[in-house]
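> Following this message is one structure expressed as structure tokens.
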Amino acid sequence: MINMNQRRTSQRLPMELPVEIRWKSRAGSLKQAMGKTGNISGSGLFIEIPIRLHRATSVMIKVKLPREVTQIPLELLCQGRVVRWNHHGQVQGLGAVIDEYELRPVPRTGSGGEIPPQSN
């Protein structure tokens, strides 16, 4: 994974992409919720989600990137932490800083998830 401490803060880009977020509760149990991005920058993102997480909660975020842009199914995996909670009208969600990230192909589903060898 790339360490985000080595990156500069960049402009926020408004994007609505599906997000899966995971964290541990104060009791230590693994929790999960689905939401969507409100915006993304090089150092963080805003996630519209109906669950309020405490500031400094460590989170694992998975963002599915649109195939129209990436040409192949890709997902952005981020390790980060909650830095704020916002609630403006109908929109509520959290701001998270990205500490590390990885861009990887979406795992295939179905028949074992493996690509069969090609014959020549």
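Chain lettering (A, B, ...) mirrors the order of the structure tokens, residue numbering begins at 1 for each chain separately, and ligand numbering begins at 1 in order of display.
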Select from chain A everything DSSP, run on the backbone, classes as helix (DSSP H, G or I), then give the selection as a list in words.
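Answer for chain A, restricted to helix (DSSP H, G or I): Met4, Asn5, Gln6, Arg67, Glu68, Val69 and Thr70 of chain A.
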> Would you give me, as a PDB file with N, CA and C atoms, in the first residue's frame, the residues in chain A that DSSP reads as strand (DSSP E or B)?

ATOM      1  N   ILE A   2       0.363   2.316  -0.567  1.00  0.00           N
ATOM      2  CA  ILE A   2       1.081   3.573  -0.620  1.00  0.00           C
ATOM      3  C   ILE A   2       0.765   4.368   0.640  1.00  0.00           C
ATOM      4  N   ASN A   3       1.766   4.923   1.276  1.00  0.00           N
ATOM      5  CA  ASN A   3       1.604   5.702   2.496  1.00  0.00           C
ATOM      6  C   ASN A   3       1.167   7.107   2.123  1.00  0.00           C
ATOM      7  N   LEU A  13     -12.902  16.257  -5.474  1.00  0.00           N
ATOM      8  CA  LEU A  13     -13.632  16.004  -6.709  1.00  0.00           C
ATOM      9  C   LEU A  13     -14.989  15.403  -6.354  1.00  0.00           C
ATOM     10  N   PRO A  14     -16.083  16.053  -6.761  1.00  0.00           N
ATOM     11  CA  PRO A  14     -17.402  15.493  -6.450  1.00  0.00           C
ATOM     12  C   PRO A  14     -17.631  14.205  -7.238  1.00  0.00           C
ATOM     13  N   PRO A  18     -20.270   3.808  -5.202  1.00  0.00           N
ATOM     14  CA  PRO A  18     -20.626   2.900  -4.107  1.00  0.00           C
ATOM     15  C   PRO A  18     -19.436   2.627  -3.190  1.00  0.00           C
ATOM     16  N   VAL A  19     -19.721   2.608  -1.895  1.00  0.00           N
ATOM     17  CA  VAL A  19     -18.684   2.431  -0.877  1.00  0.00           C
ATOM     18  C   VAL A  19     -19.125   1.379   0.131  1.00  0.00           C
ATOM     19  N   GLU A  20     -18.164   0.553   0.529  1.00  0.00           N
ATOM     20  CA  GLU A  20     -18.345  -0.353   1.670  1.00  0.00           C
ATOM     21  C   GLU A  20     -17.339   0.099   2.722  1.00  0.00           C
ATOM     22  N   ILE A  21     -17.804   0.269   3.946  1.00  0.00           N
ATOM     23  CA  ILE A  21     -16.920   0.724   5.020  1.00  0.00           C
ATOM     24  C   ILE A  21     -16.992  -0.273   6.172  1.00  0.00           C
ATOM     25  N   ARG A  22     -15.832  -0.590   6.750  1.00  0.00           N
ATOM     26  CA  ARG A  22     -15.740  -1.534   7.868  1.00  0.00           C
ATOM     27  C   ARG A  22     -14.954  -0.891   9.000  1.00  0.00           C
ATOM     28  N   TRP A  23     -15.358  -1.212  10.221  1.00  0.00           N
ATOM     29  CA  TRP A  23     -14.687  -0.704  11.412  1.00  0.00           C
ATOM     30  C   TRP A  23     -14.983  -1.641  12.569  1.00  0.00           C
ATOM     31  N   LYS A  24     -14.242  -1.464  13.644  1.00  0.00           N
ATOM     32  CA  LYS A  24     -14.487  -2.234  14.854  1.00  0.00           C
ATOM     33  C   LYS A  24     -15.224  -1.357  15.857  1.00  0.00           C
ATOM     34  N   LEU A  30     -16.587  -6.566  14.577  1.00  0.00           N
ATOM     35  CA  LEU A  30     -16.457  -5.995  13.243  1.00  0.00           C
ATOM     36  C   LEU A  30     -17.819  -5.524  12.749  1.00  0.00           C
ATOM     37  N   LYS A  31     -17.889  -4.296  12.277  1.00  0.00           N
ATOM     38  CA  LYS A  31     -19.119  -3.698  11.753  1.00  0.00           C
ATOM     39  C   LYS A  31     -18.907  -3.344  10.295  1.00  0.00           C
ATOM     40  N   GLN A  32     -20.012  -3.240   9.547  1.00  0.00           N
ATOM     41  CA  GLN A  32     -19.941  -2.937   8.118  1.00  0.00           C
ATOM     42  C   GLN A  32     -21.169  -2.134   7.725  1.00  0.00           C
ATOM     43  N   ALA A  33     -21.011  -1.202   6.788  1.00  0.00           N
ATOM     44  CA  ALA A  33     -22.132  -0.437   6.251  1.00  0.00           C
ATOM     45  C   ALA A  33     -21.839  -0.081   4.804  1.00  0.00           C
ATOM     46  N   MET A  34     -22.905   0.189   4.067  1.00  0.00           N
ATOM     47  CA  MET A  34     -22.784   0.606   2.677  1.00  0.00           C
ATOM     48  C   MET A  34     -23.184   2.072   2.578  1.00  0.00           C
ATOM     49  N   GLY A  35     -22.572   2.786   1.648  1.00  0.00           N
ATOM     50  CA  GLY A  35     -22.887   4.185   1.432  1.00  0.00           C
ATOM     51  C   GLY A  35     -22.419   4.595   0.054  1.00  0.00           C
ATOM     52  N   LYS A  36     -22.183   5.905  -0.104  1.00  0.00           N
ATOM     53  CA  LYS A  36     -21.653   6.398  -1.374  1.00  0.00           C
ATOM     54  C   LYS A  36     -20.741   7.577  -1.086  1.00  0.00           C
ATOM     55  N   THR A  37     -19.789   7.775  -1.978  1.00  0.00           N
ATOM     56  CA  THR A  37     -18.898   8.912  -1.816  1.00  0.00           C
ATOM     57  C   THR A  37     -19.655  10.190  -2.158  1.00  0.00           C
ATOM     58  N   GLY A  38     -19.291  11.263  -1.473  1.00  0.00           N
ATOM     59  CA  GLY A  38     -19.795  12.587  -1.816  1.00  0.00           C
ATOM     60  C   GLY A  38     -18.724  13.334  -2.589  1.00  0.00           C
ATOM     61  N   ASN A  39     -17.467  13.158  -2.143  1.00  0.00           N
ATOM     62  CA  ASN A  39     -16.320  13.697  -2.857  1.00  0.00           C
ATOM     63  C   ASN A  39     -15.074  12.917  -2.452  1.00  0.00           C
ATOM     64  N   ILE A  40     -14.063  13.006  -3.305  1.00  0.00           N
ATOM     65  CA  ILE A  40     -12.792  12.315  -3.073  1.00  0.00           C
ATOM     66  C   ILE A  40     -11.662  13.285  -3.383  1.00  0.00           C
ATOM     67  N   GLY A  44      -8.230  12.181   1.198  1.00  0.00           N
ATOM     68  CA  GLY A  44      -9.393  11.766   1.969  1.00  0.00           C
ATOM     69  C   GLY A  44     -10.649  11.723   1.137  1.00  0.00           C
ATOM     70  N   LEU A  45     -11.766  11.441   1.806  1.00  0.00           N
ATOM     71  CA  LEU A  45     -13.039  11.388   1.128  1.00  0.00           C
ATOM     72  C   LEU A  45     -14.174  11.647   2.103  1.00  0.00           C
ATOM     73  N   PHE A  46     -15.312  12.059   1.551  1.00  0.00           N
ATOM     74  CA  PHE A  46     -16.530  12.217   2.324  1.00  0.00           C
ATOM     75  C   PHE A  46     -17.453  11.090   1.916  1.00  0.00           C
ATOM     76  N   ILE A  47     -17.993  10.374   2.901  1.00  0.00           N
ATOM     77  CA  ILE A  47     -18.863   9.234   2.642  1.00  0.00           C
ATOM     78  C   ILE A  47     -20.236   9.527   3.211  1.00  0.00           C
ATOM     79  N   GLU A  48     -21.246   9.509   2.341  1.00  0.00           N
ATOM     80  CA  GLU A  48     -22.623   9.647   2.786  1.00  0.00           C
ATOM     81  C   GLU A  48     -23.058   8.298   3.344  1.00  0.00           C
ATOM     82  N   SER A  58     -10.735   3.994  13.325  1.00  0.00           N
ATOM     83  CA  SER A  58     -10.010   3.427  12.195  1.00  0.00           C
ATOM     84  C   SER A  58     -11.017   2.729  11.276  1.00  0.00           C
ATOM     85  N   VAL A  59     -10.920   2.989   9.968  1.00  0.00           N
ATOM     86  CA  VAL A  59     -11.868   2.429   9.005  1.00  0.00           C
ATOM     87  C   VAL A  59     -11.131   1.834   7.810  1.00  0.00           C
ATOM     88  N   MET A  60     -11.729   0.793   7.238  1.00  0.00           N
ATOM     89  CA  MET A  60     -11.290   0.217   5.972  1.00  0.00           C
ATOM     90  C   MET A  60     -12.394   0.540   4.976  1.00  0.00           C
ATOM     91  N   ILE A  61     -12.032   1.184   3.878  1.00  0.00           N
ATOM     92  CA  ILE A  61     -12.995   1.663   2.900  1.00  0.00           C
ATOM     93  C   ILE A  61     -12.715   1.000   1.560  1.00  0.00           C
ATOM     94  N   LYS A  62     -13.788   0.498   0.926  1.00  0.00           N
ATOM     95  CA  LYS A  62     -13.663  -0.076  -0.411  1.00  0.00           C
ATOM     96  C   LYS A  62     -14.584   0.701  -1.344  1.00  0.00           C
ATOM     97  N   VAL A  63     -13.998   1.314  -2.379  1.00  0.00           N
ATOM     98  CA  VAL A  63     -14.752   2.099  -3.354  1.00  0.00           C
ATOM     99  C   VAL A  63     -14.684   1.373  -4.690  1.00  0.00           C
ATOM    100  N   LYS A  64     -15.854   1.085  -5.279  1.00  0.00           N
ATOM    101  CA  LYS A  64     -15.883   0.486  -6.614  1.00  0.00           C
ATOM    102  C   LYS A  64     -15.777   1.599  -7.637  1.00  0.00           C
ATOM    103  N   LEU A  65     -14.772   1.500  -8.501  1.00  0.00           N
ATOM    104  CA  LEU A  65     -14.546   2.515  -9.522  1.00  0.00           C
ATOM    105  C   LEU A  65     -15.305   2.155 -10.791  1.00  0.00           C
ATOM    106  N   LEU A  74     -12.096  -2.193 -11.257  1.00  0.00           N
ATOM    107  CA  LEU A  74     -11.112  -1.875 -10.225  1.00  0.00           C
ATOM    108  C   LEU A  74     -11.811  -1.409  -8.959  1.00  0.00           C
ATOM    109  N   GLU A  75     -11.143  -1.643  -7.829  1.00  0.00           N
ATOM    110  CA  GLU A  75     -11.627  -1.100  -6.567  1.00  0.00           C
ATOM    111  C   GLU A  75     -10.471  -0.421  -5.849  1.00  0.00           C
ATOM    112  N   LEU A  76     -10.822   0.619  -5.126  1.00  0.00           N
ATOM    113  CA  LEU A  76      -9.870   1.372  -4.331  1.00  0.00           C
ATOM    114  C   LEU A  76     -10.056   0.951  -2.884  1.00  0.00           C
ATOM    115  N   LEU A  77      -9.020   0.369  -2.285  1.00  0.00           N
ATOM    116  CA  LEU A  77      -9.058  -0.036  -0.886  1.00  0.00           C
ATOM    117  C   LEU A  77      -8.262   0.976  -0.083  1.00  0.00           C
ATOM    118  N   CYS A  78      -8.874   1.522   0.949  1.00  0.00           N
ATOM    119  CA  CYS A  78      -8.229   2.557   1.754  1.00  0.00           C
ATOM    120  C   CYS A  78      -8.258   2.181   3.225  1.00  0.00           C
ATOM    121  N   GLN A  79      -7.166   2.426   3.897  1.00  0.00           N
ATOM    122  CA  GLN A  79      -7.111   2.356   5.356  1.00  0.00           C
ATOM    123  C   GLN A  79      -7.051   3.804   5.802  1.00  0.00           C
ATOM    124  N   GLY A  80      -7.950   4.182   6.691  1.00  0.00           N
ATOM    125  CA  GLY A  80      -7.975   5.570   7.125  1.00  0.00           C
ATOM    126  C   GLY A  80      -8.614   5.719   8.490  1.00  0.00           C
ATOM    127  N   ARG A  81      -8.993   6.975   8.796  1.00  0.00           N
ATOM    128  CA  ARG A  81      -9.637   7.241  10.087  1.00  0.00           C
ATOM    129  C   ARG A  81     -10.614   8.389   9.940  1.00  0.00           C
ATOM    130  N   VAL A  82     -11.638   8.339  10.738  1.00  0.00           N
ATOM    131  CA  VAL A  82     -12.684   9.361  10.721  1.00  0.00           C
ATOM    132  C   VAL A  82     -12.120  10.653  11.307  1.00  0.00           C
ATOM    133  N   VAL A  83     -12.347  11.768  10.607  1.00  0.00           N
ATOM    134  CA  VAL A  83     -11.892  13.062  11.108  1.00  0.00           C
ATOM    135  C   VAL A  83     -13.049  14.016  11.409  1.00  0.00           C
ATOM    136  N   ARG A  84     -14.239  13.725  10.864  1.00  0.00           N
ATOM    137  CA  ARG A  84     -15.389  14.572  11.169  1.00  0.00           C
ATOM    138  C   ARG A  84     -16.697  13.883  10.803  1.00  0.00           C
ATOM    139  N   TRP A  85     -17.785  14.420  11.356  1.00  0.00           N
ATOM    140  CA  TRP A  85     -19.142  13.984  11.044  1.00  0.00           C
ATOM    141  C   TRP A  85     -19.918  15.209  10.612  1.00  0.00           C
ATOM    142  N   ASN A  86     -20.636  15.126   9.494  1.00  0.00           N
ATOM    143  CA  ASN A  86     -21.453  16.236   9.004  1.00  0.00           C
ATOM    144  C   ASN A  86     -22.891  15.794   8.851  1.00  0.00           C
ATOM    145  N   HIS A  87     -23.802  16.713   9.115  1.00  0.00           N
ATOM    146  CA  HIS A  87     -25.216  16.480   8.888  1.00  0.00           C
ATOM    147  C   HIS A  87     -25.821  17.782   8.399  1.00  0.00           C
ATOM    148  N   HIS A  88     -26.036  17.882   7.091  1.00  0.00           N
ATOM    149  CA  HIS A  88     -26.602  19.076   6.478  1.00  0.00           C
ATOM    150  C   HIS A  88     -27.875  18.684   5.743  1.00  0.00           C
ATOM    151  N   VAL A  91     -28.395  15.238   3.831  1.00  0.00           N
ATOM    152  CA  VAL A  91     -27.096  14.576   3.667  1.00  0.00           C
ATOM    153  C   VAL A  91     -26.390  14.470   5.016  1.00  0.00           C
ATOM    154  N   GLN A  92     -26.028  13.242   5.367  1.00  0.00           N
ATOM    155  CA  GLN A  92     -25.217  13.024   6.561  1.00  0.00           C
ATOM    156  C   GLN A  92     -24.115  12.041   6.223  1.00  0.00           C
ATOM    157  N   GLY A  93     -22.995  12.221   6.856  1.00  0.00           N
ATOM    158  CA  GLY A  93     -21.890  11.322   6.571  1.00  0.00           C
ATOM    159  C   GLY A  93     -20.630  11.716   7.302  1.00  0.00           C
ATOM    160  N   LEU A  94     -19.551  11.043   6.938  1.00  0.00           N
ATOM    161  CA  LEU A  94     -18.294  11.252   7.632  1.00  0.00           C
ATOM    162  C   LEU A  94     -17.186  11.635   6.670  1.00  0.00           C
ATOM    163  N   GLY A  95     -16.260  12.395   7.193  1.00  0.00           N
ATOM    164  CA  GLY A  95     -15.041  12.718   6.476  1.00  0.00           C
ATOM    165  C   GLY A  95     -13.953  11.805   7.005  1.00  0.00           C
ATOM    166  N   ALA A  96     -13.198  11.212   6.112  1.00  0.00           N
ATOM    167  CA  ALA A  96     -12.110  10.315   6.518  1.00  0.00           C
ATOM    168  C   ALA A  96     -10.835  10.711   5.806  1.00  0.00           C
ATOM    169  N   VAL A  97      -9.745  10.671   6.527  1.00  0.00           N
ATOM    170  CA  VAL A  97      -8.437  10.875   5.935  1.00  0.00           C
ATOM    171  C   VAL A  97      -7.914   9.502   5.520  1.00  0.00           C
ATOM    172  N   ILE A  98      -7.233   9.445   4.381  1.00  0.00           N
ATOM    173  CA  ILE A  98      -6.666   8.196   3.885  1.00  0.00           C
ATOM    174  C   ILE A  98      -5.211   8.118   4.349  1.00  0.00           C
ATOM    175  N   ASP A  99      -4.900   7.061   5.099  1.00  0.00           N
ATOM    176  CA  ASP A  99      -3.519   6.843   5.540  1.00  0.00           C
ATOM    177  C   ASP A  99      -2.749   5.980   4.552  1.00  0.00           C
ATOM    178  N   GLU A 100      -3.419   4.973   3.998  1.00  0.00           N
ATOM    179  CA  GLU A 100      -2.815   4.085   3.006  1.00  0.00           C
ATOM    180  C   GLU A 100      -3.890   3.688   2.011  1.00  0.00           C
ATOM    181  N   TYR A 101      -3.481   3.381   0.781  1.00  0.00           N
ATOM    182  CA  TYR A 101      -4.451   2.907  -0.194  1.00  0.00           C
ATOM    183  C   TYR A 101      -3.819   1.912  -1.148  1.00  0.00           C
ATOM    184  N   GLU A 102      -4.688   1.155  -1.800  1.00  0.00           N
ATOM    185  CA  GLU A 102      -4.268   0.177  -2.805  1.00  0.00           C
ATOM    186  C   GLU A 102      -5.336   0.145  -3.886  1.00  0.00           C
ATOM    187  N   LEU A 103      -4.927   0.165  -5.128  1.00  0.00           N
ATOM    188  CA  LEU A 103      -5.824   0.032  -6.264  1.00  0.00           C
ATOM    189  C   LEU A 103      -5.651  -1.385  -6.781  1.00  0.00           C
ATOM    190  N   ARG A 104      -6.756  -2.137  -6.872  1.00  0.00           N
ATOM    191  CA  ARG A 104      -6.611  -3.526  -7.311  1.00  0.00           C
ATOM    192  C   ARG A 104      -7.802  -3.960  -8.155  1.00  0.00           C
ATOM    193  N   PRO A 105      -7.603  -4.977  -8.998  1.00  0.00           N
ATOM    194  CA  PRO A 105      -8.717  -5.509  -9.792  1.00  0.00           C
ATOM    195  C   PRO A 105      -9.779  -6.099  -8.880  1.00  0.00           C
TER     196      PRO A 105
END
> Find, counting only C-alpha atoms, the residue in A:Arg26, A:Val69, A:Gln90, A:Met15 that gets nearest to A:Ala56.
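Ranked by minimum distance to A:Ala56, first place goes to A:Arg26.
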> What is the atom CA of A:Ala27-atom CA of A:Arg55 distance in Å, reported with one decimal?
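It comes out at 16.1 Å.
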